[in-house]
Structures are given as structure tokens and as C-alpha cells.
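Engineer: Structure: start_25.cif, mmCIF, C-alpha atoms and all ligand atoms.
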data_data
loop_
_atom_site.label_atom_id
_atom_site.label_comp_id
_atom_site.auth_asym_id
_atom_site.auth_seq_id
_atom_site.Cartn_x
_atom_site.Cartn_y
_atom_site.Cartn_z
CA MET A 20 0.00 0.00 0.00
CA HIS A 21 1.25 3.49 -0.85
CA LYS A 22 2.25 5.92 1.85
CA TYR A 23 -0.14 8.85 1.94
CA ASP A 24 2.55 11.37 2.90
CA GLN A 25 4.74 10.39 -0.04
CA VAL A 26 1.79 10.66 -2.44
CA MET A 27 1.00 14.13 -1.07
CA GLU A 28 4.62 15.20 -1.42
CA ALA A 29 4.70 14.21 -5.10
CA ALA A 30 1.30 15.83 -5.79
CA LYS A 31 2.38 19.02 -4.05
CA TYR A 32 5.58 19.20 -6.10
CA ILE A 33 3.63 18.81 -9.38
CA LYS A 34 1.06 21.43 -8.30
CA SER A 35 3.89 23.84 -7.43
CA LYS A 36 5.05 23.65 -11.06
CA VAL A 37 1.74 23.52 -12.95
CA ASP A 38 -1.86 24.52 -12.43
CA VAL A 39 -3.30 21.03 -12.79
CA GLN A 40 -6.83 20.97 -14.20
CA ALA A 41 -6.79 17.64 -16.02
CA LYS A 42 -9.49 15.05 -15.39
CA THR A 43 -7.89 12.59 -17.84
CA ALA A 44 -4.44 11.01 -17.78
CA ILE A 45 -2.70 8.69 -20.19
CA VAL A 46 0.12 6.22 -19.55
CA LEU A 47 2.13 5.57 -22.71
CA GLY A 48 3.57 2.10 -23.16
CA SER A 49 6.56 0.83 -25.12
CA GLY A 50 6.85 2.41 -28.54
CA LEU A 51 3.90 4.75 -27.97
CA SER A 52 5.67 7.77 -26.53
CA GLY A 53 5.23 9.74 -29.78
CA PHE A 54 1.67 10.60 -28.76
CA ALA A 55 3.04 12.99 -26.10
CA GLU A 56 4.87 14.94 -28.81
CA LYS A 57 1.56 15.67 -30.54
CA VAL A 58 -0.26 17.33 -27.66
CA GLU A 59 -0.03 21.10 -27.10
CA LYS A 60 2.63 21.13 -24.42
CA ILE A 61 2.13 23.26 -21.28
CA ALA A 62 4.87 21.80 -19.10
CA GLU A 63 7.18 18.84 -18.83
CA LEU A 64 8.41 17.39 -15.53
CA ALA A 65 11.18 14.77 -15.38
CA TYR A 66 10.33 11.76 -13.21
CA ARG A 67 13.70 12.12 -11.47
CA ASP A 68 12.58 15.53 -10.13
CA ILE A 69 9.22 14.34 -8.77
CA PRO A 70 9.53 13.06 -5.18
CA HIS A 71 9.30 9.23 -4.93
CA PHE A 72 8.98 8.66 -8.70
CA CYS A 73 11.38 6.13 -10.24
CA THR A 74 12.79 5.99 -13.75
CA SER A 75 12.73 3.30 -16.42
CA LYS A 76 15.89 2.27 -18.19
CA VAL A 77 14.00 0.53 -20.98
CA GLU A 78 14.51 1.94 -24.47
CA GLY A 79 11.76 4.28 -25.61
CA HIS A 80 10.54 5.25 -22.14
CA LYS A 81 11.14 8.97 -21.74
CA ASN A 82 10.52 9.23 -18.00
CA ARG A 83 8.59 12.46 -17.95
CA LEU A 84 5.19 13.77 -17.07
CA VAL A 85 3.87 15.91 -19.90
CA VAL A 86 1.11 18.37 -19.09
CA GLY A 87 -0.60 19.23 -22.33
CA GLU A 88 -3.81 20.24 -24.04
CA VAL A 89 -5.96 18.47 -26.59
CA GLN A 90 -8.57 20.78 -28.11
CA GLY A 91 -8.21 23.18 -25.22
CA ARG A 92 -8.66 20.47 -22.61
CA GLN A 93 -5.80 19.69 -20.25
CA VAL A 94 -4.44 16.13 -20.10
CA LEU A 95 -1.61 14.56 -18.12
CA VAL A 96 0.61 12.18 -20.04
CA LEU A 97 2.99 9.79 -18.33
CA GLN A 98 5.52 9.40 -21.11
CA GLY A 99 7.02 6.06 -20.21
CA ARG A 100 6.54 3.70 -17.29
CA TYR A 101 8.81 1.62 -15.14
CA HIS A 102 8.34 -2.10 -14.87
CA TYR A 103 8.29 -4.93 -12.37
CA TYR A 104 10.99 -6.75 -14.35
CA GLU A 105 13.36 -3.81 -13.84
CA GLY A 106 13.34 -4.67 -10.15
CA TYR A 107 10.74 -2.14 -8.99
CA SER A 108 8.05 -3.22 -6.60
CA VAL A 109 4.38 -3.16 -7.60
CA GLU A 110 3.93 -0.23 -5.18
CA GLU A 111 6.67 1.72 -6.97
CA ILE A 112 5.28 0.92 -10.42
CA SER A 113 1.82 2.15 -9.51
CA PHE A 114 2.86 5.15 -7.41
CA PRO A 115 2.28 7.67 -10.26
CA ILE A 116 -1.34 6.49 -10.54
CA ARG A 117 -1.88 7.19 -6.85
CA VAL A 118 -0.47 10.67 -7.38
CA LEU A 119 -2.85 11.21 -10.31
CA GLN A 120 -5.72 10.33 -7.97
CA PHE A 121 -4.78 13.18 -5.66
CA LEU A 122 -4.26 15.55 -8.57
CA GLY A 123 -7.96 15.07 -9.36
CA VAL A 124 -7.71 12.68 -12.31
CA GLU A 125 -10.93 10.70 -12.85
CA LYS A 126 -10.29 8.92 -16.16
CA LEU A 127 -7.18 6.92 -16.93
CA ILE A 128 -6.07 5.56 -20.30
CA LEU A 129 -3.50 2.78 -19.95
CA THR A 130 -1.62 1.70 -23.08
CA ASN A 131 0.90 -1.03 -23.74
CA ALA A 132 2.46 -3.37 -26.28
CA SER A 133 1.52 -7.04 -26.07
CA GLY A 134 1.88 -10.41 -27.74
CA ALA A 135 -1.23 -12.01 -29.24
CA VAL A 136 -2.50 -15.14 -27.54
CA ASP A 137 -5.68 -15.02 -29.62
CA ARG A 138 -4.68 -16.60 -32.92
CA SER A 139 -7.09 -14.48 -34.93
CA PHE A 140 -5.19 -11.29 -34.01
CA VAL A 141 -2.38 -9.94 -36.18
CA PRO A 142 0.55 -7.66 -35.27
CA GLY A 143 -0.61 -4.06 -35.58
CA ASP A 144 -4.07 -4.80 -34.15
CA ILE A 145 -5.24 -2.61 -31.27
CA MET A 146 -7.07 -4.47 -28.52
CA LEU A 147 -9.50 -2.87 -26.15
CA ILE A 148 -8.83 -4.47 -22.77
CA THR A 149 -12.09 -5.89 -21.40
CA ASP A 150 -10.54 -7.56 -18.35
CA HIS A 151 -7.24 -8.90 -17.06
CA ILE A 152 -5.56 -11.94 -15.49
CA ASN A 153 -2.77 -11.38 -12.99
CA THR A 154 -0.34 -14.31 -13.31
CA VAL A 155 2.31 -12.56 -11.21
CA GLY A 156 0.31 -12.81 -8.02
CA LYS A 157 1.57 -9.45 -6.73
CA ASN A 158 -0.55 -6.39 -6.23
CA PRO A 159 -0.05 -2.91 -4.81
CA LEU A 160 -2.95 -3.00 -2.34
CA ILE A 161 -1.34 -5.47 0.08
CA GLY A 162 -0.76 -4.01 3.53
CA ALA A 163 -2.84 -1.92 5.90
CA ASN A 164 -5.50 -0.11 3.89
CA ASP A 165 -5.56 3.67 3.97
CA GLU A 166 -9.22 4.68 3.66
CA ARG A 167 -8.19 8.09 2.26
CA MET A 168 -7.10 6.23 -0.88
CA GLY A 169 -9.85 3.65 -1.27
CA VAL A 170 -11.77 0.81 0.33
CA ARG A 171 -10.22 -2.35 1.79
CA PHE A 172 -11.88 -4.75 -0.66
CA PRO A 173 -12.36 -3.05 -4.02
CA ASP A 174 -14.61 -4.67 -6.61
CA LEU A 175 -12.84 -5.32 -9.92
CA SER A 176 -15.86 -6.67 -11.81
CA ARG A 177 -16.09 -3.53 -13.91
CA LEU A 178 -12.48 -2.39 -13.82
CA TYR A 179 -12.30 -1.57 -17.54
CA SER A 180 -15.13 0.93 -17.95
CA GLU A 181 -17.88 -0.12 -20.30
CA ARG A 182 -18.71 3.53 -20.94
CA LEU A 183 -15.14 4.33 -22.04
CA ARG A 184 -14.98 1.13 -24.07
CA SER A 185 -18.02 2.06 -26.10
CA LEU A 186 -16.65 5.57 -26.53
CA ALA A 187 -13.37 4.04 -27.84
CA LEU A 188 -15.27 1.81 -30.26
CA LYS A 189 -17.14 4.84 -31.60
CA ALA A 190 -13.87 6.78 -31.97
CA ALA A 191 -12.21 3.84 -33.73
CA ALA A 192 -15.12 3.55 -36.18
CA SER A 193 -14.85 7.21 -37.08
CA CYS A 194 -11.14 6.86 -37.89
CA GLU A 195 -11.77 3.55 -39.67
CA ILE A 196 -9.78 1.45 -37.23
CA THR A 197 -11.08 -1.98 -36.27
CA LEU A 198 -10.61 -2.58 -32.59
CA ARG A 199 -10.17 -6.06 -31.18
CA GLU A 200 -11.41 -6.79 -27.67
CA GLY A 201 -10.01 -9.15 -25.11
CA VAL A 202 -8.39 -10.15 -21.86
CA TYR A 203 -4.89 -8.91 -21.02
CA VAL A 204 -2.64 -11.37 -19.19
CA TRP A 205 0.08 -9.84 -17.01
CA THR A 206 3.37 -11.74 -16.78
CA SER A 207 6.46 -10.56 -14.91
CA GLY A 208 8.93 -10.61 -17.80
CA PRO A 209 11.66 -9.83 -18.69
CA MET A 210 11.73 -13.10 -20.61
CA PHE A 211 9.07 -13.73 -23.18
CA GLU A 212 6.82 -16.65 -22.23
CA THR A 213 7.21 -20.31 -23.09
CA PRO A 214 4.87 -21.83 -25.69
CA ALA A 215 3.32 -24.01 -22.93
CA GLU A 216 2.54 -20.91 -20.86
CA ILE A 217 0.91 -19.28 -23.85
CA ARG A 218 -1.23 -22.40 -24.46
CA ALA A 219 -2.24 -22.29 -20.78
CA TYR A 220 -3.20 -18.60 -21.03
CA GLU A 221 -5.26 -19.39 -24.13
CA ILE A 222 -7.21 -22.01 -22.17
CA MET A 223 -7.60 -19.57 -19.27
CA GLY A 224 -9.31 -17.09 -21.58
CA GLY A 225 -6.43 -14.71 -22.25
CA SER A 226 -6.23 -12.80 -25.52
CA ALA A 227 -2.92 -10.94 -25.24
CA VAL A 228 0.08 -11.10 -22.93
CA GLY A 229 2.29 -8.31 -21.63
CA MET A 230 4.57 -7.13 -18.85
CA SER A 231 2.77 -4.07 -17.47
CA THR A 232 -0.53 -2.27 -16.85
CA VAL A 233 -2.19 -4.54 -14.28
CA PRO A 234 -0.70 -3.00 -11.08
CA GLU A 235 -1.64 0.45 -12.40
CA ALA A 236 -5.17 -0.69 -13.28
CA ILE A 237 -5.65 -2.14 -9.78
CA VAL A 238 -4.64 1.14 -8.14
CA ALA A 239 -6.88 3.09 -10.52
CA ALA A 240 -9.81 0.84 -9.55
CA HIS A 241 -9.04 1.35 -5.85
CA ALA A 242 -8.96 5.10 -6.58
CA LYS A 243 -12.38 4.80 -8.29
CA MET A 244 -11.09 6.05 -11.63
CA GLU A 245 -12.69 5.05 -14.90
CA VAL A 246 -10.11 2.97 -16.78
CA LEU A 247 -9.65 2.48 -20.51
CA GLY A 248 -6.99 -0.05 -21.57
CA LEU A 249 -5.57 -0.11 -25.08
CA SER A 250 -3.11 -2.81 -26.01
CA CYS A 251 -1.20 -2.70 -29.28
CA ILE A 252 -0.39 -6.15 -30.57
CA SER A 253 3.30 -6.08 -31.47
CA ASN A 254 3.85 -9.78 -32.17
CA MET A 255 2.21 -13.18 -32.01
CA ALA A 256 3.04 -14.76 -28.62
CA ALA A 257 5.57 -17.58 -28.14
CA GLY A 258 4.73 -20.80 -29.95
CA ILE A 259 2.16 -19.01 -32.13
CA SER A 260 4.90 -16.88 -33.65
CA GLN A 261 7.15 -18.94 -35.92
CA GLY A 262 10.11 -16.62 -35.39
CA THR A 263 12.31 -15.61 -32.46
CA LEU A 264 10.75 -13.04 -30.16
CA SER A 265 12.71 -9.86 -29.51
CA LEU A 266 12.30 -6.32 -28.27
CA GLU A 267 13.33 -5.15 -31.75
CA GLU A 268 10.28 -6.85 -33.27
CA VAL A 269 8.08 -5.22 -30.62
CA PHE A 270 9.48 -1.76 -31.38
CA ASP A 271 9.38 -2.22 -35.16
CA THR A 272 5.66 -3.09 -35.10
CA MET A 273 4.90 -0.31 -32.64
CA LYS A 274 6.70 2.23 -34.81
CA GLU A 275 4.80 1.13 -37.91
CA ASN A 276 1.49 1.57 -36.10
CA GLU A 277 2.19 4.60 -33.95
CA ASP A 278 0.40 7.06 -36.25
CA ARG A 279 -2.78 4.99 -36.27
CA PHE A 280 -2.64 4.69 -32.50
CA THR A 281 -2.09 8.45 -32.10
CA ARG A 282 -5.06 9.24 -34.37
CA LEU A 283 -7.25 6.93 -32.29
CA MET A 284 -6.10 8.53 -29.04
CA PHE A 285 -6.91 12.01 -30.32
CA GLU A 286 -10.33 10.90 -31.53
CA ILE A 287 -11.06 9.42 -28.09
CA LEU A 288 -9.84 12.50 -26.23
CA CYS A 289 -11.86 14.85 -28.43
CA ASP A 290 -15.12 13.11 -27.52
CA GLU A 291 -17.43 15.37 -25.53
CA GLU A 292 -17.86 12.60 -22.97
CA MET A 293 -14.16 12.63 -22.12
CA LYS A 294 -14.73 16.02 -20.49
N1 LIG B 1 4.99 -11.24 -24.20
C1 LIG B 1 5.04 -10.41 -23.13
N2 LIG B 1 5.09 -9.10 -23.25
C2 LIG B 1 5.08 -8.57 -24.48
C3 LIG B 1 5.02 -9.38 -25.64
C4 LIG B 1 4.97 -10.79 -25.48
O1 LIG B 1 4.91 -11.57 -26.45
N3 LIG B 1 5.02 -8.53 -26.70
C5 LIG B 1 5.08 -7.27 -26.21
N4 LIG B 1 5.11 -7.28 -24.86
#
Would you encode the structure as C-alpha cells?

Structural biologist:
Amino acid sequence: MHKYDQVMEAAKYIKSKVDVQAKTAIVLGSGLSGFAEKVEKIAELAYRDIPHFCTSKVEGHKNRLVVGEVQGRQVLVLQGRYHYYEGYSVEEISFPIRVLQFLGVEKLILTNASGAVDRSFVPGDIMLITDHINTVGKNPLIGANDERMGVRFPDLSRLYSERLRSLALKAAASCEITLREGVYVWTSGPMFETPAEIRAYEIMGGSAVGMSTVPEAIVAAHAKMEVLGLSCISNMAAGISQGTLSLEEVFDTMKENEDRFTRLMFEILCDEEMK
């Protein structure tokens, strides 16, 4: 469980630098950081300067909080995230989400790159996350609950907001993007999975597998935020893919599809209901 005083310290630092008005925040996953370059920038804060934030050493993660505007509406963009496989705890990974809660953020868009478990998907597809499976067995809510942050036993039955999902489907239709829908499976990484694990996840009802997002989504649910999850399929998962899995393949696919993803994000953010 996060420490309230540390959360307040980080929130206070951010508020001392920017007049935060945003009700929506976005976490950009691997290969998706270009979106932050397209918003009207108001301010940029390096993670290393924000109290209790960590930094990612993974390629493509810029480690900064971008405060920007989309059609005159302020948004907060976490340009890059740090991961469990880098050695950070689930509390550390999800700390920025807790800070967003106390900055007044109500809607959170979580994005990531993932490998397709569903054999009908193809690299480049964008999957709307309908639910998740936590195979890591860790979560950031363990420990004494602080009622100022949320309830002891949060309900995750509607974690990925149906309202935001239908809004995303509408936005995708208007930019002629077909969205897939499915269940995101969180694995620790840093290794890609074994083919047997992928077959098991398929039987369990998983659609795509990745190394992030779930701890953040859990904290967002505890914080009573509305969550939208968008997963960009960068490769077919182990055993389904005929080739050798690599970070290069992930980045190559993400780069090829970044423009489409950015267009979709803008269309979603411009919706009146995202106000
Ligand atoms: N497995 C886990 N994480 C991933 C993958 C994958 O195949 N692709 C992108 N992130």
C-alpha cells in the first residue's frame, strides 16, 4: 500500500510547477511515446525531479510527465513507465497512478504493447482491454488499507469501464480502425513466455500477454477512476509466432502503427464525454 505522505509530497511538487486541471491522464507504453509529442505542451516534468517517482531504463521510455492540451482540454501524459521486471516493486510501479488520484484525475487511459494469444489477431491490431488476469500474483494494495485512498476490498468486476470502451469503439469507427477486444494477461517478464505458458493462457481465456498495466489498473480501480486499456499487438506470442521473439520486433511493429494509434487517441480525447 502506498504511503499517503509520499503521495501528497509528489502531488504538491507537481502542483507547485503547474496549475493542474486535467481530469484525464494517459500512460504511454513501449513504442507509444510519440503521442506525447503531438499534444499542445504546457509543461514537462522529469520523473527524477518528482519526489518518490522512479525511472525506467528501458529503451523508448522517456521518463517524464507531460502536461498538455488536446482541443483546449488539459491532459496529463505519463511518457514512459517503469516495470516490475526492472526490479521495482508493484507499489513503486503504480505510485504515479496514486499521485494522479490526488491531482484530481478521474479517467485513466492505460496503453501497452503485447503479444497475441488469440490466434485471430495480427501484429498491428489494437485491442481494447475488457478484463485482465494477474499471473504474477503481486498487487499494490497489500498491507494496511488507507481509507483516504480507497476501500479495503475493491470490486474489480467492472475495472475496464464499459462507458469508455463504447466511446473508444465509436472513436475507432470514425477513424476507420477496427478494434479487437479481449483479456490482457500480465506476466512478470523480462523473458518472453514459453509456448506451454501461452497455451495455458489461451485455455484460461487470455487474448494478449504483456509485462505491465495490471498494477496500475488495480490502483486506478481502488482510486475509483474510470479505466480504458488499449493494447497494441506487437507480435504473435511464443509458440504461435514462428520466429524468435525480440524487443526489436516489438518496437518495429509499434513504430509502424504509432500514427494509427495516435489518431485513435486524439479521436477518443476529443469526444465530448471525455470532459
Ligand atoms: N509477451 C510479453 N510481453 C510482451 C510481448 C509478449 O509476447 N510482446 C510485447 N510485450

Engineer: Within 9 Å of region 51-54 of chain A, counting all atoms listed in the file, which residues show up once you throw out same-chain ones fewer than 3 positions away? Write them as a short mmCIF file (atom, residue, chain, number, x, y, z; two decimals) with C-alpha atoms, keeping the file's coordinate frame, please.

Structural biologist:
data_model
loop_
_atom_site.label_atom_id
_atom_site.label_comp_id
_atom_site.auth_asym_id
_atom_site.auth_seq_id
_atom_site.Cartn_x
_atom_site.Cartn_y
_atom_site.Cartn_z
CA LEU A 47 2.13 5.57 -22.71
CA GLY A 48 3.57 2.10 -23.16
CA LYS A 57 1.56 15.67 -30.54
CA VAL A 58 -0.26 17.33 -27.66
CA GLY A 79 11.76 4.28 -25.61
CA HIS A 80 10.54 5.25 -22.14
CA LYS A 81 11.14 8.97 -21.74
CA VAL A 96 0.61 12.18 -20.04
CA LEU A 97 2.99 9.79 -18.33
CA GLN A 98 5.52 9.40 -21.11
CA GLY A 99 7.02 6.06 -20.21
CA THR A 130 -1.62 1.70 -23.08
CA ASN A 131 0.90 -1.03 -23.74
CA ALA A 132 2.46 -3.37 -26.28
CA MET A 273 4.90 -0.31 -32.64
CA LYS A 274 6.70 2.23 -34.81
CA GLU A 277 2.19 4.60 -33.95
CA ASP A 278 0.40 7.06 -36.25
CA PHE A 280 -2.64 4.69 -32.50
CA THR A 281 -2.09 8.45 -32.10
CA ARG A 282 -5.06 9.24 -34.37
CA MET A 284 -6.10 8.53 -29.04
CA PHE A 285 -6.91 12.01 -30.32
#

Engineer: So how far away is CA of Leu283 (chain A) from CA of Leu264 (chain A), in Å?

Structural biologist: 27.0 Å

Engineer: Report as a PyMOL selection string all protein, DNA and RNA residues lying within 8 Å of Ile237 (chain A), evaluated on only C-alpha atoms, omitting residues in the same chain fewer than 2 positions from it.

Structural biologist: chain A and resi 158-160+175+178+233-235+239-241

Engineer: Give as a ChimeraX atom specification the residues surrounding ligand LIG 1 (chain B) up to a distance of 9 Å, considering only C-alpha atoms and all ligand atoms.

Structural biologist: /A:49,131-136,204-212,227-231,251-257,260,264-266,268-270

Engineer: Please dump the current selection as a short mmCIF file (atom, residue, chain, number, x, y, z; two decimals), keeping the file's coordinate frame; keep C-alpha atoms.

Structural biologist:
data_model
loop_
_atom_site.label_atom_id
_atom_site.label_comp_id
_atom_site.auth_asym_id
_atom_site.auth_seq_id
_atom_site.Cartn_x
_atom_site.Cartn_y
_atom_site.Cartn_z
CA SER A 49 6.56 0.83 -25.12
CA ASN A 131 0.90 -1.03 -23.74
CA ALA A 132 2.46 -3.37 -26.28
CA SER A 133 1.52 -7.04 -26.07
CA GLY A 134 1.88 -10.41 -27.74
CA ALA A 135 -1.23 -12.01 -29.24
CA VAL A 136 -2.50 -15.14 -27.54
CA VAL A 204 -2.64 -11.37 -19.19
CA TRP A 205 0.08 -9.84 -17.01
CA THR A 206 3.37 -11.74 -16.78
CA SER A 207 6.46 -10.56 -14.91
CA GLY A 208 8.93 -10.61 -17.80
CA PRO A 209 11.66 -9.83 -18.69
CA MET A 210 11.73 -13.10 -20.61
CA PHE A 211 9.07 -13.73 -23.18
CA GLU A 212 6.82 -16.65 -22.23
CA ALA A 227 -2.92 -10.94 -25.24
CA VAL A 228 0.08 -11.10 -22.93
CA GLY A 229 2.29 -8.31 -21.63
CA MET A 230 4.57 -7.13 -18.85
CA SER A 231 2.77 -4.07 -17.47
CA CYS A 251 -1.20 -2.70 -29.28
CA ILE A 252 -0.39 -6.15 -30.57
CA SER A 253 3.30 -6.08 -31.47
CA ASN A 254 3.85 -9.78 -32.17
CA MET A 255 2.21 -13.18 -32.01
CA ALA A 256 3.04 -14.76 -28.62
CA ALA A 257 5.57 -17.58 -28.14
CA SER A 260 4.90 -16.88 -33.65
CA LEU A 264 10.75 -13.04 -30.16
CA SER A 265 12.71 -9.86 -29.51
CA LEU A 266 12.30 -6.32 -28.27
CA GLU A 268 10.28 -6.85 -33.27
CA VAL A 269 8.08 -5.22 -30.62
CA PHE A 270 9.48 -1.76 -31.38
#

Engineer: Between A:Asp174, A:Asp144, A:Glu111, A:Glu181, which is the closest to Arg279 (chain A) once you count all atoms listed in the file?

Structural biologist: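 Selected residue with least distance to Arg279 (chain A): A:Asp144.
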
Engineer: Counting only C-alpha atoms, figure out which residue out of A:Ser226, A:Ser250, A:Ser35, A:Gln25 gets nearest to Arg138 (chain A).

Structural biologist: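 The shortest atom-to-atom distance to Arg138 (chain A) comes from A:Ser226.
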
Engineer: Quick one, how far is CA of Met223 (chain A) from CA of Ile152 (chain A)?

Structural biologist: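 So the answer is 8.8 Å.
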
Engineer: Can you list, as a PyMOL selection string, every protein, DNA or RNA residue that comes within 9 Å of region 71-76 of chain A when you count only C-alpha atoms, leaving out same-chain residues fewer than 5 positions away?

Structural biologist: chain A and resi 25-26+28-29+66+81-83+99-102+105+107+111-112+114-115

Engineer: Do you have the CA of Arg171 (chain A)-CA of Leu129 (chain A) distance handy?

Structural biologist: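 CA of Leu129 (chain A) lies at a distance of 23.3 Å from CA of Arg171 (chain A).
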
Engineer: Leaving out Arg92 (chain A) and any residue of its chain fewer than 6 positions from it, which residues lie within 12 Å of it when counting only C-alpha atoms, given as a PyMOL selection string?

Structural biologist: chain A and resi 39-44+58-61+86+285+288-291+293-294

Engineer: Measuring between only C-alpha atoms, which one of A:Leu122, A:Leu127, A:Ile148, A:Ala192 shows the shortest distance to Glu245 (chain A)?

Structural biologist: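 Counting only C-alpha atoms, the residue closest to Glu245 (chain A) is A:Leu127.
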
Engineer: Please determine, counting all atoms listed in the file, which residue among A:Val141, A:Val77, A:Ala187, A:Ile69 has the shortest atom-to-atom distance to Tyr103 (chain A).

Structural biologist: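 Looking at the shortest contact to Tyr103 (chain A), the residue is A:Val77.
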